[in-house]
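Colleague: Contents of entry01.tsv (TSV, C-alpha atoms (C1' of nucleotides)) are given next:
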chain	number	residue	atom	x	y	z
A	1	MET	CA	48.47	72.17	138.97
A	2	ASN	CA	45.97	74.30	140.71
A	3	ILE	CA	45.10	73.67	144.34
A	4	LEU	CA	41.87	75.64	144.29
A	5	ALA	CA	40.64	73.99	141.11
A	6	ASP	CA	41.30	70.59	142.64
A	7	LYS	CA	39.54	71.56	145.86
A	8	LEU	CA	36.48	72.92	144.08
A	9	SER	CA	36.32	69.85	141.91
A	10	GLU	CA	36.60	67.59	144.95
A	11	ILE	CA	33.82	69.44	146.74
A	12	TYR	CA	31.58	69.17	143.70
A	13	ASP	CA	32.17	65.46	143.30
A	14	LEU	CA	31.42	64.74	146.96
A	15	LEU	CA	28.22	66.78	146.90
A	16	LEU	CA	26.98	65.29	143.67
A	17	GLU	CA	27.69	61.80	144.93
A	18	ALA	CA	25.90	62.48	148.20
A	19	TYR	CA	22.86	64.34	146.90
A	20	GLY	CA	22.59	63.69	143.17
A	21	PRO	CA	21.38	66.24	140.61
A	22	GLN	CA	19.19	68.95	142.17
A	23	HIS	CA	17.20	69.84	139.04
A	24	TRP	CA	17.34	73.60	139.49
A	25	TRP	CA	15.65	75.97	138.86
A	26	PRO	CA	12.27	74.50	139.83
A	27	ALA	CA	10.26	76.54	137.33
A	28	GLU	CA	8.48	75.95	134.07
A	29	SER	CA	9.58	78.98	132.12
A	30	PRO	CA	12.28	81.66	132.04
A	31	LEU	CA	9.76	84.27	133.18
A	32	GLU	CA	8.89	82.13	136.17
A	33	VAL	CA	12.57	81.97	137.09
A	34	LEU	CA	12.81	85.71	136.80
A	35	VAL	CA	9.81	86.32	139.05
A	36	GLY	CA	10.98	83.64	141.46
A	37	ALA	CA	14.42	85.23	141.66
A	38	VAL	CA	12.90	88.34	143.19
A	39	LEU	CA	10.39	86.48	145.36
A	40	THR	CA	13.05	84.26	146.92
A	41	GLN	CA	15.18	87.12	148.24
A	42	ASN	CA	15.97	86.27	151.86
A	43	THR	CA	12.95	83.96	151.96
A	44	ASN	CA	12.35	80.23	152.05
A	45	TRP	CA	11.27	78.54	148.87
A	46	GLN	CA	7.97	77.22	150.21
A	47	GLY	CA	6.55	80.71	150.53
A	48	VAL	CA	7.78	81.52	147.06
A	49	GLU	CA	5.94	78.52	145.64
A	50	LYS	CA	2.68	79.58	147.24
A	51	ALA	CA	3.10	83.09	145.91
A	52	MET	CA	3.94	81.75	142.48
A	53	THR	CA	0.89	79.50	142.51
A	54	ASN	CA	-1.29	82.52	143.23
A	55	VAL	CA	0.20	84.40	140.30
A	56	LYS	CA	-0.25	81.42	137.99
A	57	ASN	CA	-3.80	80.69	139.14
A	58	HIS	CA	-4.74	84.22	138.15
A	59	ASN	CA	-3.14	83.59	134.79
A	60	LEU	CA	-0.78	86.50	135.32
A	61	LEU	CA	2.56	84.92	134.46
A	62	ASP	CA	3.02	87.17	131.47
A	63	PRO	CA	5.08	90.36	131.28
A	64	HIS	CA	2.31	92.58	129.96
A	65	LYS	CA	-0.31	91.24	132.34
A	66	LEU	CA	2.03	91.73	135.26
A	67	GLN	CA	2.83	95.22	134.16
A	68	ALA	CA	-0.86	96.10	133.91
A	69	LEU	CA	-1.61	94.73	137.38
A	70	PRO	CA	-1.82	97.35	140.14
A	71	ILE	CA	1.01	96.97	142.63
A	72	VAL	CA	-1.34	96.58	145.59
A	73	GLU	CA	-3.02	93.63	143.90
A	74	LEU	CA	0.31	92.04	143.04
A	75	ALA	CA	1.38	92.52	146.64
A	76	GLN	CA	-1.67	90.62	147.91
A	77	LEU	CA	-0.95	87.71	145.56
A	78	ILE	CA	2.67	87.35	146.63
A	79	LYS	CA	2.02	87.76	150.35
A	80	PRO	CA	3.23	84.26	151.31
A	81	ALA	CA	6.71	85.12	150.03
A	82	GLY	CA	7.16	87.81	152.68
A	83	TYR	CA	8.26	91.44	152.19
A	84	PHE	CA	5.31	91.55	149.83
A	85	ASN	CA	5.01	95.33	149.45
A	86	LEU	CA	8.70	95.63	148.78
A	87	LYS	CA	8.82	92.70	146.39
A	88	ALA	CA	5.77	93.88	144.47
A	89	ARG	CA	7.60	97.12	143.72
A	90	ARG	CA	10.79	95.28	142.81
A	91	LEU	CA	8.94	92.93	140.50
A	92	LYS	CA	7.28	95.87	138.84
A	93	ASN	CA	10.67	97.51	138.29
A	94	LEU	CA	12.03	94.35	136.73
A	95	ILE	CA	9.01	93.80	134.50
A	96	ASP	CA	9.11	97.42	133.38
A	97	PHE	CA	12.74	96.92	132.46
A	98	ILE	CA	12.27	93.79	130.38
A	99	ILE	CA	9.37	95.36	128.54
A	100	GLU	CA	11.12	98.65	127.88
A	101	ALA	CA	14.49	97.18	126.95
A	102	TYR	CA	13.46	93.86	125.40
A	103	SER	CA	9.76	94.25	124.61
A	104	GLY	CA	9.06	91.60	127.25
A	105	ASP	CA	10.80	89.06	125.03
A	106	LEU	CA	12.98	86.76	127.13
A	107	GLU	CA	14.45	85.13	124.05
A	108	ALA	CA	15.72	88.53	123.02
A	109	MET	CA	17.33	88.81	126.45
A	110	GLU	CA	18.99	85.44	125.91
A	111	ARG	CA	20.63	86.82	122.80
A	112	ALA	CA	22.00	89.85	124.62
A	113	GLU	CA	25.64	90.13	125.59
A	114	THR	CA	26.07	88.78	129.11
A	115	ASP	CA	28.19	91.48	130.77
A	116	GLN	CA	26.07	94.29	129.45
A	117	LEU	CA	22.84	92.56	130.41
A	118	ARG	CA	24.17	92.00	133.90
A	119	GLU	CA	24.87	95.72	134.24
A	120	GLU	CA	21.38	96.50	133.01
A	121	LEU	CA	19.83	94.13	135.51
A	122	LEU	CA	21.88	95.54	138.37
A	123	ALA	CA	20.63	99.01	137.46
A	124	VAL	CA	17.07	97.90	138.23
A	125	ASN	CA	16.10	98.93	141.74
A	126	GLY	CA	15.56	95.74	143.71
A	127	VAL	CA	17.90	93.60	141.64
A	128	GLY	CA	21.23	92.94	143.31
A	129	PRO	CA	24.07	90.64	142.29
A	130	GLU	CA	22.48	87.36	143.37
A	131	THR	CA	19.15	88.11	141.74
A	132	ALA	CA	20.83	89.28	138.54
A	133	ASP	CA	23.09	86.26	138.37
A	134	SER	CA	20.25	83.84	139.14
A	135	ILE	CA	18.33	85.28	136.23
A	136	LEU	CA	21.36	85.08	133.95
A	137	LEU	CA	22.17	81.48	134.85
A	138	TYR	CA	18.84	79.85	135.55
A	139	ALA	CA	16.52	81.78	133.24
A	140	LEU	CA	18.81	82.76	130.38
A	141	GLU	CA	21.40	79.96	130.59
A	142	LYS	CA	24.44	82.20	130.70
A	143	PRO	CA	27.57	80.74	132.31
A	144	VAL	CA	27.49	82.95	135.42
A	145	PHE	CA	28.21	81.55	138.87
A	146	VAL	CA	25.60	82.47	141.45
A	147	VAL	CA	26.80	83.38	144.93
A	148	ASP	CA	24.56	83.36	147.98
A	149	THR	CA	24.82	83.10	151.75
A	150	TYR	CA	25.35	79.36	151.55
A	151	THR	CA	28.14	79.74	149.02
A	152	TYR	CA	29.74	82.13	151.43
A	153	ARG	CA	29.34	79.86	154.44
A	154	VAL	CA	30.64	76.73	152.75
A	155	ALA	CA	33.60	78.50	151.12
A	156	SER	CA	34.43	80.26	154.34
A	157	ARG	CA	34.11	77.10	156.46
A	158	HIS	CA	36.52	75.32	154.15
A	159	GLY	CA	39.08	78.10	154.16
A	160	LEU	CA	38.62	78.98	150.50
A	161	ILE	CA	37.96	82.64	151.23
A	162	GLY	CA	38.47	85.07	154.08
A	163	LYS	CA	35.66	86.47	156.21
A	164	GLU	CA	35.95	89.80	154.42
A	165	ALA	CA	35.41	88.37	150.94
A	166	SER	CA	32.93	90.25	148.78
A	167	TYR	CA	30.34	88.87	146.38
A	168	ASP	CA	32.67	89.49	143.48
A	169	ASP	CA	35.60	87.84	145.27
A	170	LEU	CA	33.53	84.74	145.85
A	171	GLN	CA	32.18	84.65	142.32
A	172	GLU	CA	35.70	84.99	140.98
A	173	LEU	CA	36.87	82.05	143.07
A	174	PHE	CA	34.49	79.77	141.23
A	175	THR	CA	34.63	81.28	137.76
A	176	LEU	CA	38.42	81.39	137.66
A	177	HIS	CA	38.88	77.81	138.79
A	178	LEU	CA	36.03	75.96	137.12
A	179	PRO	CA	35.24	75.35	133.46
A	180	SER	CA	32.72	77.94	132.32
A	181	GLU	CA	29.78	75.62	131.77
A	182	VAL	CA	26.14	76.45	132.40
A	183	ARG	CA	25.35	72.90	133.43
A	184	LEU	CA	28.16	72.81	135.98
A	185	PHE	CA	27.44	76.25	137.44
A	186	ASN	CA	23.77	75.35	137.72
A	187	GLU	CA	24.38	72.10	139.58
A	188	TYR	CA	27.20	73.40	141.73
A	189	HIS	CA	25.25	76.29	143.16
A	190	ALA	CA	22.22	74.11	143.79
A	191	LEU	CA	24.37	71.56	145.60
A	192	LEU	CA	25.94	74.26	147.74
A	193	VAL	CA	22.48	75.39	148.78
A	194	ARG	CA	21.56	71.82	149.61
A	195	VAL	CA	24.57	71.15	151.79
A	196	GLY	CA	24.28	74.61	153.29
A	197	LYS	CA	20.71	74.04	154.39
A	198	LEU	CA	21.53	70.71	155.95
A	199	HIS	CA	24.90	71.43	157.53
A	200	CYS	CA	26.60	74.76	156.94
A	201	LYS	CA	24.34	77.06	158.92
A	202	ARG	CA	25.45	79.83	161.22
A	203	LYS	CA	26.16	77.09	163.69
A	204	PRO	CA	27.54	74.42	161.34
A	205	ARG	CA	26.57	70.81	161.93
A	206	CYS	CA	29.52	69.18	160.29
A	207	GLN	CA	28.87	65.66	161.54
A	208	GLY	CA	27.57	63.63	158.65
A	209	CYS	CA	28.27	66.38	156.16
A	210	PRO	CA	29.53	64.97	152.85
A	211	LEU	CA	32.31	67.55	153.00
A	212	GLU	CA	33.42	66.59	156.50
A	213	PRO	CA	36.52	64.75	155.21
A	214	LEU	CA	37.73	67.96	153.57
A	215	LEU	CA	37.51	70.20	156.61
A	216	PRO	CA	40.72	72.07	157.39
B	1	DG	C1'	8.67	82.28	171.42
B	2	DA	C1'	13.07	82.49	169.22
B	3	DC	C1'	15.27	81.60	165.13
B	4	DC	C1'	15.73	81.10	160.37
B	5	DA	C1'	15.02	81.72	155.23
B	6	DG	C1'	18.22	80.86	147.89
B	7	DG	C1'	18.85	89.99	149.47
B	8	DC	C1'	18.62	94.60	148.68
B	9	DA	C1'	18.38	99.58	149.27
B	10	DC	C1'	18.94	103.27	152.05
B	11	DA	C1'	20.30	106.07	156.24
B	12	DT	C1'	23.79	107.41	159.10
B	13	DC	C1'	28.22	107.92	161.02
C	1	DG	C1'	33.64	102.85	153.05
C	2	DA	C1'	31.80	100.41	156.82
C	3	DT	C1'	28.02	99.38	159.60
C	4	DG	C1'	23.06	99.23	160.90
C	5	DT	C1'	18.22	98.80	159.78
C	6	DG	C1'	13.63	97.98	157.53
C	7	DC	C1'	11.18	94.85	154.97
C	8	DA	C1'	7.18	90.20	156.56
C	9	DT	C1'	5.41	85.59	156.00
C	10	DG	C1'	5.63	80.88	157.43
C	11	DG	C1'	8.05	76.73	158.98
C	12	DT	C1'	10.84	74.43	162.66
Hey, can you dump this file as structure tokens for me?
Modeller:
Amino acid sequence: MNILADKLSEIYDLLLEAYGPQHWWPAESPLEVLVGAVLTQNTNWQGVEKAMTNVKNHNLLDPHKLQALPIVELAQLIKPAGYFNLKARRLKNLIDFIIEAYSGDLEAMERAETDQLREELLAVNGVGPETADSILLYALEKPVFVVDTYTYRVASRHGLIGKEASYDDLQELFTLHLPSEVRLFNEYHALLVRVGKLHCKRKPRCQGCPLEPLLP
DNA sequence: GACCAGGCACATC
DNA sequence: GATGTGCATGGT
């Protein structure tokens, strides 16, 4: 038997029962997920949606159109997502990469070997572990567990990891003790974000949390 | 007006 | 290697 596997499974079941399927990622295409993954860095989703709407309304959700667009103009379009100058540059870096390495063909990226692709993504300036893993899981449907601040808070609150745990430590916790299924990883991360937003903040509000019965 | 939000790179010690 | 800081809008 495996204590951690049981615990993770129990957490998942409680969250799914409480909240139901989250239907992530809220996007219509892999490219939209990819763009959204950069836009959502340390930012609430509402701003990302506004920024995304601007990009779509200008009919720019296309790798080659985005690449041709001057960075200052891209920055203006994505303003509602915050850090717009920074994110415009990061988006440009990412778009340049997918065009140079995969001819802007996301289906070609899907066929790439996961570990190598992850390394390539991480080599893009502006793409860190969470952004890379979000792209791999939610855009390209690779079985990669996405870690974020909420994952950290929930896992830490429930004694699954120590305060000093790294991104890789946390990712390993889930990947080693859960079946490697895209569907499961997708839903689990989304549920962790949901419960994190509602309860597991810096000052946790554990009353009424679906995971309250499991608290140490 | 303070605090927060689905990070990341870079400077400095 | 650890720790601190800039990036910025918009909602609560």
Colleague: Could you please select, counting only C-alpha atoms (C1' of nucleotides), the residues of chain C within 6 Å of chain A and state them as a PyMOL selection string?
Modeller: chain C and resi 7-9
Colleague: Show me which bits of chain B are within 9 Å of chain A, counting all atoms listed in the file, as a ChimeraX atom specification.
Modeller: /B:5-9
Colleague: Could you check how far atom CA of Glu172 of chain A sits from atom CA of Leu198 of chain A, in Å to one decimal?
Modeller: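 These atoms are spaced 25.1 Å apart.
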Colleague: Distance atom CA of Leu31 of chain A-atom CA of Arg118 of chain A, one decimal place?
Modeller: 16.4 Å
Colleague: How many Å lie between atom CA of Leu15 of chain A and atom CA of Ala132 of chain A, rounded to one decimal?
Modeller: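 Computing the Euclidean distance for atom CA of Leu15 of chain A and atom CA of Ala132 of chain A yields 25.1 Å.
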Colleague: Which one is closest to His158 of chain A: A:Leu122, A:Leu170, A:Ala5, A:Leu214? Count all atoms listed in the file.
Modeller: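 That would be A:Leu214, the residue with the smallest distance to His158 of chain A.
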Colleague: Please provide the set of residues having any atom within 10 Å of DA11 of chain B, restricted to only C-alpha atoms (C1' of nucleotides), with same-chain residues fewer than 2 positions apart removed, written as a PDB file with C-alpha atoms (C1' of nucleotides), keeping the file's coordinate frame.
Modeller:
ATOM      1  C1'  DA B   9      18.380  99.580 149.270  1.00  0.00           C
ATOM      2  C1'  DC B  13      28.220 107.920 161.020  1.00  0.00           C
TER       3       DC B  13
ATOM      4  C1'  DG C   4      23.060  99.230 160.900  1.00  0.00           C
ATOM      5  C1'  DT C   5      18.220  98.800 159.780  1.00  0.00           C
TER       6       DT C   5
END
